[in-house]
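Text of target_33.txt (compact mmCIF, C-alpha atoms) as supplied:
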```
# COMPACT_ATOMS: atom_id res chain seq x y z
CA MET A 24 -136.95 -69.11 54.80
CA LYS A 25 -140.07 -67.05 55.60
CA ILE A 26 -142.18 -69.21 53.29
CA LYS A 27 -140.81 -72.36 54.90
CA LEU A 28 -141.60 -71.15 58.40
CA LEU A 29 -145.09 -70.07 57.39
CA LEU A 30 -145.96 -73.42 55.82
CA CYS A 31 -144.55 -75.33 58.77
CA ALA A 32 -146.66 -73.21 61.10
CA VAL A 33 -149.76 -74.00 59.07
CA PHE A 34 -149.18 -77.77 59.18
CA SER A 35 -148.23 -77.84 62.86
CA GLY A 36 -151.23 -75.69 63.76
CA VAL A 37 -153.85 -78.05 62.35
CA GLN A 38 -154.22 -79.81 65.74
CA ALA A 39 -153.03 -76.89 67.87
CA PHE A 40 -156.38 -75.57 69.03
CA ALA A 41 -157.94 -77.18 72.12
CA VAL A 42 -161.65 -77.86 71.80
CA VAL A 43 -164.61 -78.70 74.00
CA TRP A 44 -167.77 -79.85 72.23
CA THR A 45 -171.06 -80.49 74.02
CA GLY A 46 -174.48 -81.61 72.84
CA SER A 47 -177.88 -82.73 74.06
CA LEU A 48 -180.94 -84.65 72.83
CA SER A 49 -184.14 -85.15 74.81
CA TYR A 50 -187.56 -86.80 75.03
CA SER A 51 -190.47 -85.54 77.13
CA ASN A 52 -194.10 -86.64 77.45
CA ASP A 53 -193.96 -88.74 74.28
CA VAL A 54 -192.42 -85.86 72.28
CA SER A 55 -188.94 -86.27 70.79
CA SER A 56 -186.37 -83.50 70.61
CA GLY A 57 -183.73 -85.61 68.92
CA LEU A 58 -183.97 -88.60 71.28
CA SER A 59 -186.23 -91.60 70.73
CA ALA A 60 -187.51 -93.38 73.86
CA LEU A 61 -189.67 -96.38 74.65
CA GLY A 62 -190.85 -97.84 77.94
CA ASN A 63 -193.63 -99.70 79.66
CA ASN A 64 -194.78 -96.73 81.70
CA ALA A 65 -195.24 -93.28 80.16
CA SER A 66 -195.61 -91.57 83.54
CA THR A 67 -192.51 -92.82 85.35
CA GLY A 68 -190.08 -93.95 82.65
CA TRP A 69 -188.01 -92.53 79.81
CA ARG A 70 -191.11 -91.53 77.83
CA LYS A 71 -192.00 -89.13 80.63
CA TYR A 72 -188.59 -87.49 80.64
CA SER A 73 -185.11 -88.41 79.40
CA ILE A 74 -182.17 -86.37 78.24
CA LEU A 75 -178.85 -87.46 76.74
CA ASP A 76 -175.87 -85.12 77.16
CA TRP A 77 -172.35 -85.56 75.87
CA LYS A 78 -169.02 -83.81 76.08
CA VAL A 79 -165.91 -84.39 73.99
CA SER A 80 -162.71 -82.50 74.70
CA ASP A 81 -158.99 -82.62 74.02
CA GLU A 82 -158.16 -80.18 76.80
CA GLU A 83 -159.43 -82.11 79.82
CA SER A 84 -156.87 -82.46 82.58
CA GLY A 85 -155.49 -85.86 83.54
CA ALA A 86 -155.20 -87.37 80.06
CA PRO A 87 -153.44 -90.75 80.05
CA GLN A 88 -150.35 -90.80 77.86
CA GLY A 89 -151.33 -91.31 74.23
CA TYR A 90 -155.06 -90.77 74.82
CA ASP A 91 -155.89 -87.12 74.25
CA TRP A 92 -159.67 -87.26 73.72
CA PHE A 93 -162.02 -87.26 76.69
CA TYR A 94 -165.57 -88.60 76.13
CA SER A 95 -168.48 -88.27 78.53
CA TYR A 96 -172.07 -89.46 78.04
CA THR A 97 -174.83 -88.82 80.57
CA LEU A 98 -178.43 -90.00 80.43
CA GLU A 99 -180.89 -88.59 82.94
CA ALA A 100 -184.39 -90.06 83.09
CA GLU A 101 -187.56 -89.66 85.10
CA LYS A 102 -186.64 -93.04 86.58
CA PHE A 103 -184.62 -96.17 85.71
CA ALA A 104 -181.24 -94.87 84.51
CA PRO A 105 -179.38 -96.95 81.89
CA VAL A 106 -177.16 -99.89 82.72
CA ARG A 107 -176.32 -100.77 79.11
CA TRP A 108 -174.80 -98.61 76.40
CA VAL A 109 -173.80 -99.13 72.78
CA ILE A 110 -171.57 -96.31 71.53
CA GLU A 111 -170.76 -96.48 67.84
CA THR A 112 -167.06 -96.57 67.03
CA GLY A 113 -166.65 -98.03 63.55
CA SER A 114 -164.95 -101.33 62.76
CA GLY A 115 -161.42 -99.93 63.02
CA PHE A 116 -161.84 -99.32 66.76
CA SER A 117 -160.54 -101.78 69.36
CA SER A 118 -159.52 -101.92 73.01
CA ASP A 119 -156.21 -100.34 71.96
CA ASN A 120 -158.09 -97.12 71.14
CA ILE A 121 -159.41 -96.63 74.66
CA ASP A 122 -157.60 -96.33 77.96
CA LEU A 123 -159.52 -99.05 79.79
CA ALA A 124 -157.95 -98.16 83.13
CA SER A 125 -159.58 -94.73 83.04
CA VAL A 126 -163.16 -95.81 82.24
CA GLU A 127 -165.50 -94.51 84.94
CA VAL A 128 -169.22 -94.98 85.52
CA TYR A 129 -171.30 -92.76 87.80
CA ASP A 130 -174.76 -93.20 89.32
CA GLU A 131 -176.31 -89.93 90.47
CA GLY A 132 -172.88 -88.33 90.15
CA VAL A 133 -171.21 -90.88 92.43
CA LEU A 134 -168.45 -93.10 91.04
CA THR A 135 -169.65 -96.70 91.17
CA THR A 136 -167.62 -99.58 92.49
CA TYR A 137 -169.61 -102.48 91.03
CA ASP A 138 -168.54 -101.99 87.42
CA SER A 139 -165.26 -102.80 85.73
CA THR A 140 -163.73 -102.66 82.29
CA ASN A 141 -164.35 -106.41 81.99
CA ASN A 142 -167.90 -105.39 81.08
CA ILE A 143 -166.76 -103.59 77.91
CA SER A 144 -166.72 -105.45 74.61
CA PHE A 145 -166.13 -104.40 71.02
CA GLY A 146 -167.85 -105.73 67.91
CA SER A 147 -171.04 -105.61 65.88
CA PHE A 148 -174.17 -105.30 68.01
CA ALA A 149 -177.81 -105.52 66.98
CA ASP A 150 -181.36 -105.78 68.32
CA ASP A 151 -181.61 -108.37 71.09
CA ASP A 152 -184.70 -108.82 73.29
CA ASP A 153 -182.56 -109.60 76.33
CA LEU A 154 -179.72 -107.10 75.94
CA ARG A 155 -180.57 -104.44 73.33
CA LYS A 156 -184.31 -104.46 72.84
CA ASN A 157 -185.49 -102.39 69.84
CA MET A 158 -182.00 -101.24 68.91
CA PRO A 159 -182.86 -99.70 65.50
CA ALA A 160 -179.99 -101.14 63.44
CA GLU A 161 -176.73 -103.05 63.77
CA ARG A 162 -173.70 -100.99 64.72
CA TYR A 163 -170.06 -101.72 65.32
CA GLY A 164 -169.13 -100.18 68.60
CA MET A 165 -168.37 -100.42 72.29
CA PHE A 166 -170.93 -102.24 74.44
CA TRP A 167 -170.93 -101.68 78.19
CA GLU A 168 -173.14 -103.61 80.62
CA ALA A 169 -173.31 -103.13 84.37
CA THR A 170 -172.61 -106.08 86.65
CA SER A 171 -175.18 -104.76 89.11
CA PRO A 172 -178.70 -103.30 88.64
CA GLY A 173 -177.59 -100.08 90.38
CA GLY A 174 -178.71 -97.77 87.60
CA GLN A 175 -182.23 -99.17 87.51
CA SER A 176 -183.16 -97.58 90.82
CA THR A 177 -181.56 -94.21 90.04
CA LYS A 178 -182.23 -91.42 87.57
CA THR A 179 -178.82 -90.58 86.11
CA THR A 180 -175.93 -92.63 84.76
CA GLN A 181 -172.72 -91.25 83.25
CA ILE A 182 -169.91 -93.10 81.51
CA THR A 183 -166.55 -91.45 80.75
CA PHE A 184 -163.40 -92.65 79.04
CA TRP A 185 -160.27 -91.51 77.20
CA SER A 186 -159.51 -92.42 73.58
CA ASP A 187 -156.84 -91.74 70.98
CA VAL A 188 -159.55 -91.30 68.31
CA ALA A 189 -161.00 -87.88 67.46
CA PRO A 190 -164.81 -87.57 67.33
CA GLN A 191 -167.08 -88.00 64.34
CA TRP A 192 -170.88 -88.03 64.13
CA GLY A 193 -172.38 -91.39 65.06
CA ASP A 194 -175.04 -93.20 67.07
CA LEU A 195 -175.77 -94.27 70.64
CA TYR A 196 -178.22 -96.73 72.21
CA ALA A 197 -178.96 -97.31 75.90
CA ASN A 198 -181.45 -99.18 78.09
CA CYS A 199 -182.23 -99.63 81.77
CA GLY A 200 -181.82 -103.39 81.65
CA GLY A 201 -184.97 -104.21 83.58
CA ASN A 202 -188.39 -102.85 82.74
CA GLY A 203 -188.10 -101.94 79.08
CA ASN A 204 -187.01 -98.30 79.15
CA ARG A 205 -184.65 -97.70 76.25
CA GLY A 206 -183.56 -94.87 73.96
CA TRP A 207 -181.36 -93.83 71.06
CA ASN A 208 -180.61 -90.76 68.97
CA SER A 209 -183.49 -90.34 66.53
CA GLY A 210 -181.08 -90.07 63.58
CA PHE A 211 -179.90 -93.62 64.25
CA THR A 212 -181.20 -95.15 61.01
CA ASN A 213 -179.90 -92.31 58.84
CA ALA A 214 -176.37 -92.09 57.45
CA ASN A 215 -173.84 -90.40 59.71
CA PRO A 216 -173.32 -86.76 58.68
CA ASP A 217 -170.03 -86.20 56.87
CA VAL A 218 -169.37 -82.84 58.49
CA ALA A 219 -166.89 -81.60 61.05
CA ALA A 220 -167.43 -82.16 64.76
CA SER A 221 -169.06 -79.28 66.63
CA SER A 222 -171.19 -78.46 69.63
CA GLY A 223 -174.88 -79.26 69.39
CA SER A 224 -176.12 -82.08 67.19
CA VAL A 225 -176.17 -82.61 63.44
CA GLN A 226 -179.23 -84.46 62.12
CA ASN A 227 -179.84 -85.88 65.60
CA HIS A 228 -176.53 -87.71 65.81
CA VAL A 229 -174.00 -87.72 68.65
CA LEU A 230 -170.24 -87.31 68.70
CA ALA A 231 -168.47 -90.66 69.01
CA PRO A 232 -164.92 -92.02 68.69
CA ILE A 233 -165.15 -93.15 65.08
CA PRO A 234 -161.85 -93.47 63.19
CA GLU A 235 -161.94 -91.29 60.08
CA PRO A 236 -160.05 -92.58 57.01
CA ALA A 237 -159.98 -89.07 55.59
CA THR A 238 -157.87 -88.00 58.57
CA ILE A 239 -155.27 -90.60 57.72
CA SER A 240 -155.26 -89.40 54.13
CA LEU A 241 -154.84 -85.82 55.28
CA ILE A 242 -151.89 -86.75 57.44
CA GLY A 243 -150.32 -88.55 54.49
CA ILE A 244 -150.83 -85.56 52.19
CA SER A 245 -149.42 -83.22 54.82
CA GLY A 246 -146.34 -85.42 55.17
CA LEU A 247 -145.83 -85.49 51.41
CA LEU A 248 -146.13 -81.72 51.15
CA ALA A 249 -143.73 -81.29 54.05
CA LEU A 250 -141.23 -83.53 52.23
CA ILE A 251 -141.60 -81.45 49.05
CA ILE A 252 -141.06 -78.27 51.05
CA ARG A 253 -137.86 -79.68 52.56
CA ARG A 254 -136.58 -80.66 49.11
CA ILE A 255 -137.29 -77.19 47.72
CA PHE A 256 -136.27 -74.99 50.63
CA GLY A 257 -134.13 -77.25 52.79
```

Output the file's structure as C-alpha cells, nothing else.
Amino acid sequence: MKIKLLLCAVFSGVQAFAVVWTGSLSYSNDVSSGLSALGNNASTGWRKYSILDWKVSDEESGAPQGYDWFYSYTLEAEKFAPVRWVIETGSGFSSDNIDLASVEVYDEGVLTTYDSTNNISFGSFADDDDLRKNMPAERYGMFWEATSPGGQSTKTTQITFWSDVAPQWGDLYANCGGNGNRGWNSGFTNANPDVAASSGSVQNHVLAPIPEPATISLIGISGLLALIIRRIFG
C-alpha cells in the first residue's frame, strides 16, 4: 500500500507545481541582444530601441475553464509599436487551443477597443512585403493584425491570451504595419531548442504555445504504468 501511494503521488505531482516564466530580448542602437530589428529610421524606430518581454504562467488568476496557461507578449519601442504579430504554435494548434473570448490587446497599458478576435488567424505564414516584411522563415502559428493603426503612434503594445497548451521554445515576429519597423527573435532561423521551458531565453528563442508530442507520449506511458500498478497492487 505504501508503494502504491508513493507512485500515485509521483504521477499526480508531475503537473502539481505552479510556474511563472519570464524572458526578454532587446535591440539598441543597431546592437542586438537576442532581438533582430529593422526600420527606415535608426534614430526614432526599433533600431534605436526595442525590447520584447514575455510571461507564461499556469497560476494566473481568472483562467477560463479548460485553459490553464496564460501568455503575455509585450514589445516596447522607441516609437511605432507593433500592430501585427506572428506567434509560432506548430501545426497541431487551432482556435480550439486558445480562449478567443479572453484575448486582450493593450496600447501603452490601456486595453484597446478597436481590436477583436476576428483579426486572429491560424496557419502557415511567411515573408510578405505588405503584411510580414522580412519575416525570416515560414512558420505555422497565430497571426494577429490590428483593425486600426493605433499602435503605430504609440511605443508599447501587449497581447495576452489563455491556452490549453503548455509552452515550448519557438519564434515570434512583429511589425508596426506602417513605416517598416519590424523585429523577431534572432534565433528565428535556427531549430527550436529541445529543452524544458524556463525563465530567460534559450538560444534567443521565446516561449510559445507549441504542442509537444513527447508530452502526449509521456501521458500515455504514465497511464500504462498506472494500469500496471493497479493490476499488481490493486

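Among the candidates A:Glu99, A:Glu168, A:Glu127, A:Asp187, the one nearest to Leu154 in chain A when counting all atoms listed in the file is A:Glu168.
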
Set the distance at 8 Å and use all atoms listed in the file: which residues neighbour range 50-58 of chain A once local chain neighbours fewer than 2 positions away are removed? I'd like the list as a PyMOL selection string. chain A and resi 48+60+65-66+69-75+206-210+227

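CA of Gly193 in chain A is found 15.3 Å from CA of Ala149 in chain A.
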
Contacts of Asn215 in chain A at 12 Å or less, counting all atoms listed in the file, minus same-chain residues fewer than 5 places along, as a PDB file with C-alpha atoms, in the coordinates of the input?
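Result written to selection01.pdb:
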```
ATOM      1  CA  GLU A 111    -170.760 -96.480  67.840  1.00  0.00           C
ATOM      2  CA  THR A 112    -167.060 -96.570  67.030  1.00  0.00           C
ATOM      3  CA  GLY A 113    -166.650 -98.030  63.550  1.00  0.00           C
ATOM      4  CA  ARG A 162    -173.700-100.990  64.720  1.00  0.00           C
ATOM      5  CA  GLN A 191    -167.080 -88.000  64.340  1.00  0.00           C
ATOM      6  CA  TRP A 192    -170.880 -88.030  64.130  1.00  0.00           C
ATOM      7  CA  GLY A 193    -172.380 -91.390  65.060  1.00  0.00           C
ATOM      8  CA  ASP A 194    -175.040 -93.200  67.070  1.00  0.00           C
ATOM      9  CA  LEU A 195    -175.770 -94.270  70.640  1.00  0.00           C
ATOM     10  CA  ASN A 208    -180.610 -90.760  68.970  1.00  0.00           C
ATOM     11  CA  SER A 209    -183.490 -90.340  66.530  1.00  0.00           C
ATOM     12  CA  GLY A 210    -181.080 -90.070  63.580  1.00  0.00           C
ATOM     13  CA  ALA A 220    -167.430 -82.160  64.760  1.00  0.00           C
ATOM     14  CA  SER A 224    -176.120 -82.080  67.190  1.00  0.00           C
ATOM     15  CA  VAL A 225    -176.170 -82.610  63.440  1.00  0.00           C
ATOM     16  CA  GLN A 226    -179.230 -84.460  62.120  1.00  0.00           C
ATOM     17  CA  ASN A 227    -179.840 -85.880  65.600  1.00  0.00           C
ATOM     18  CA  HIS A 228    -176.530 -87.710  65.810  1.00  0.00           C
ATOM     19  CA  VAL A 229    -174.000 -87.720  68.650  1.00  0.00           C
ATOM     20  CA  LEU A 230    -170.240 -87.310  68.700  1.00  0.00           C
ATOM     21  CA  ALA A 231    -168.470 -90.660  69.010  1.00  0.00           C
ATOM     22  CA  ILE A 233    -165.150 -93.150  65.080  1.00  0.00           C
ATOM     23  CA  GLU A 235    -161.940 -91.290  60.080  1.00  0.00           C
TER      24      GLU A 235
END
```

Shortest interatomic distance to Ile110 in chain A - which of A:Gly201, A:Gly164, A:Pro87, A:Gly62, counting all atoms listed in the file: A:Gly164

So that I can check the surroundings of Glu161 in chain A, please list as a count of residues only every protein, DNA and RNA residue that reaches within 8 Å of it, counting all atoms listed in the file and ignoring chain neighbours fewer than 6 positions away. 4

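Atom pair CA of Glu83 in chain A / CA of Ser114 in chain A has a distance of 26.3 Å (rounded to one decimal).
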
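Among the candidates A:Arg205, A:Lys78, A:Arg107, A:Lys102, the residue lying nearest to Trp167 in chain A is A:Arg107 (atoms considered: all atoms listed in the file).
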
So which residues touch Phe145 in chain A within 8 Å, counting only C-alpha atoms, skipping near sequence neighbours fewer than 6 positions away, as a PyMOL selection string? chain A and resi 116-118+163-166

Between CA of Ala169 in chain A and CA of Asn142 in chain A, distance in Å (one decimal): 6.7 Å

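In terms of minimum interatomic distance to Ser95 in chain A, A:Gly46 ranks closest within A:Gly200, A:Pro216, A:Gly46, A:Pro159, counting all atoms listed in the file.
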
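If all atoms listed in the file are the atoms counted, then among A:Trp108, A:Phe211, A:Tyr96, A:Tyr129 the closest residue to Ala197 in chain A is A:Trp108.
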
Taking (-176.2, -76.2, 72.5) as a centre in this file's frame and 7 Å as the limit, can you find every polymer residue with an atom that close, using all atoms listed in the file, and give them as an mmCIF file with C-alpha atoms, keeping the file's coordinate frame?
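Output saved as result_13.cif:
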```cif
data_model
loop_
_atom_site.group_PDB
_atom_site.id
_atom_site.type_symbol
_atom_site.label_atom_id
_atom_site.label_comp_id
_atom_site.auth_asym_id
_atom_site.auth_seq_id
_atom_site.Cartn_x
_atom_site.Cartn_y
_atom_site.Cartn_z
ATOM 1 C CA THR A 45 -171.060 -80.490 74.020
ATOM 2 C CA GLY A 46 -174.480 -81.610 72.840
ATOM 3 C CA SER A 47 -177.880 -82.730 74.060
ATOM 4 C CA SER A 222 -171.190 -78.460 69.630
ATOM 5 C CA GLY A 223 -174.880 -79.260 69.390
#
```

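The shortest atom-to-atom distance to Trp185 in chain A, with only C-alpha atoms taken into account, belongs to A:Ser125 out of A:Ser59, A:Ser84, A:Ser125, A:Thr135.
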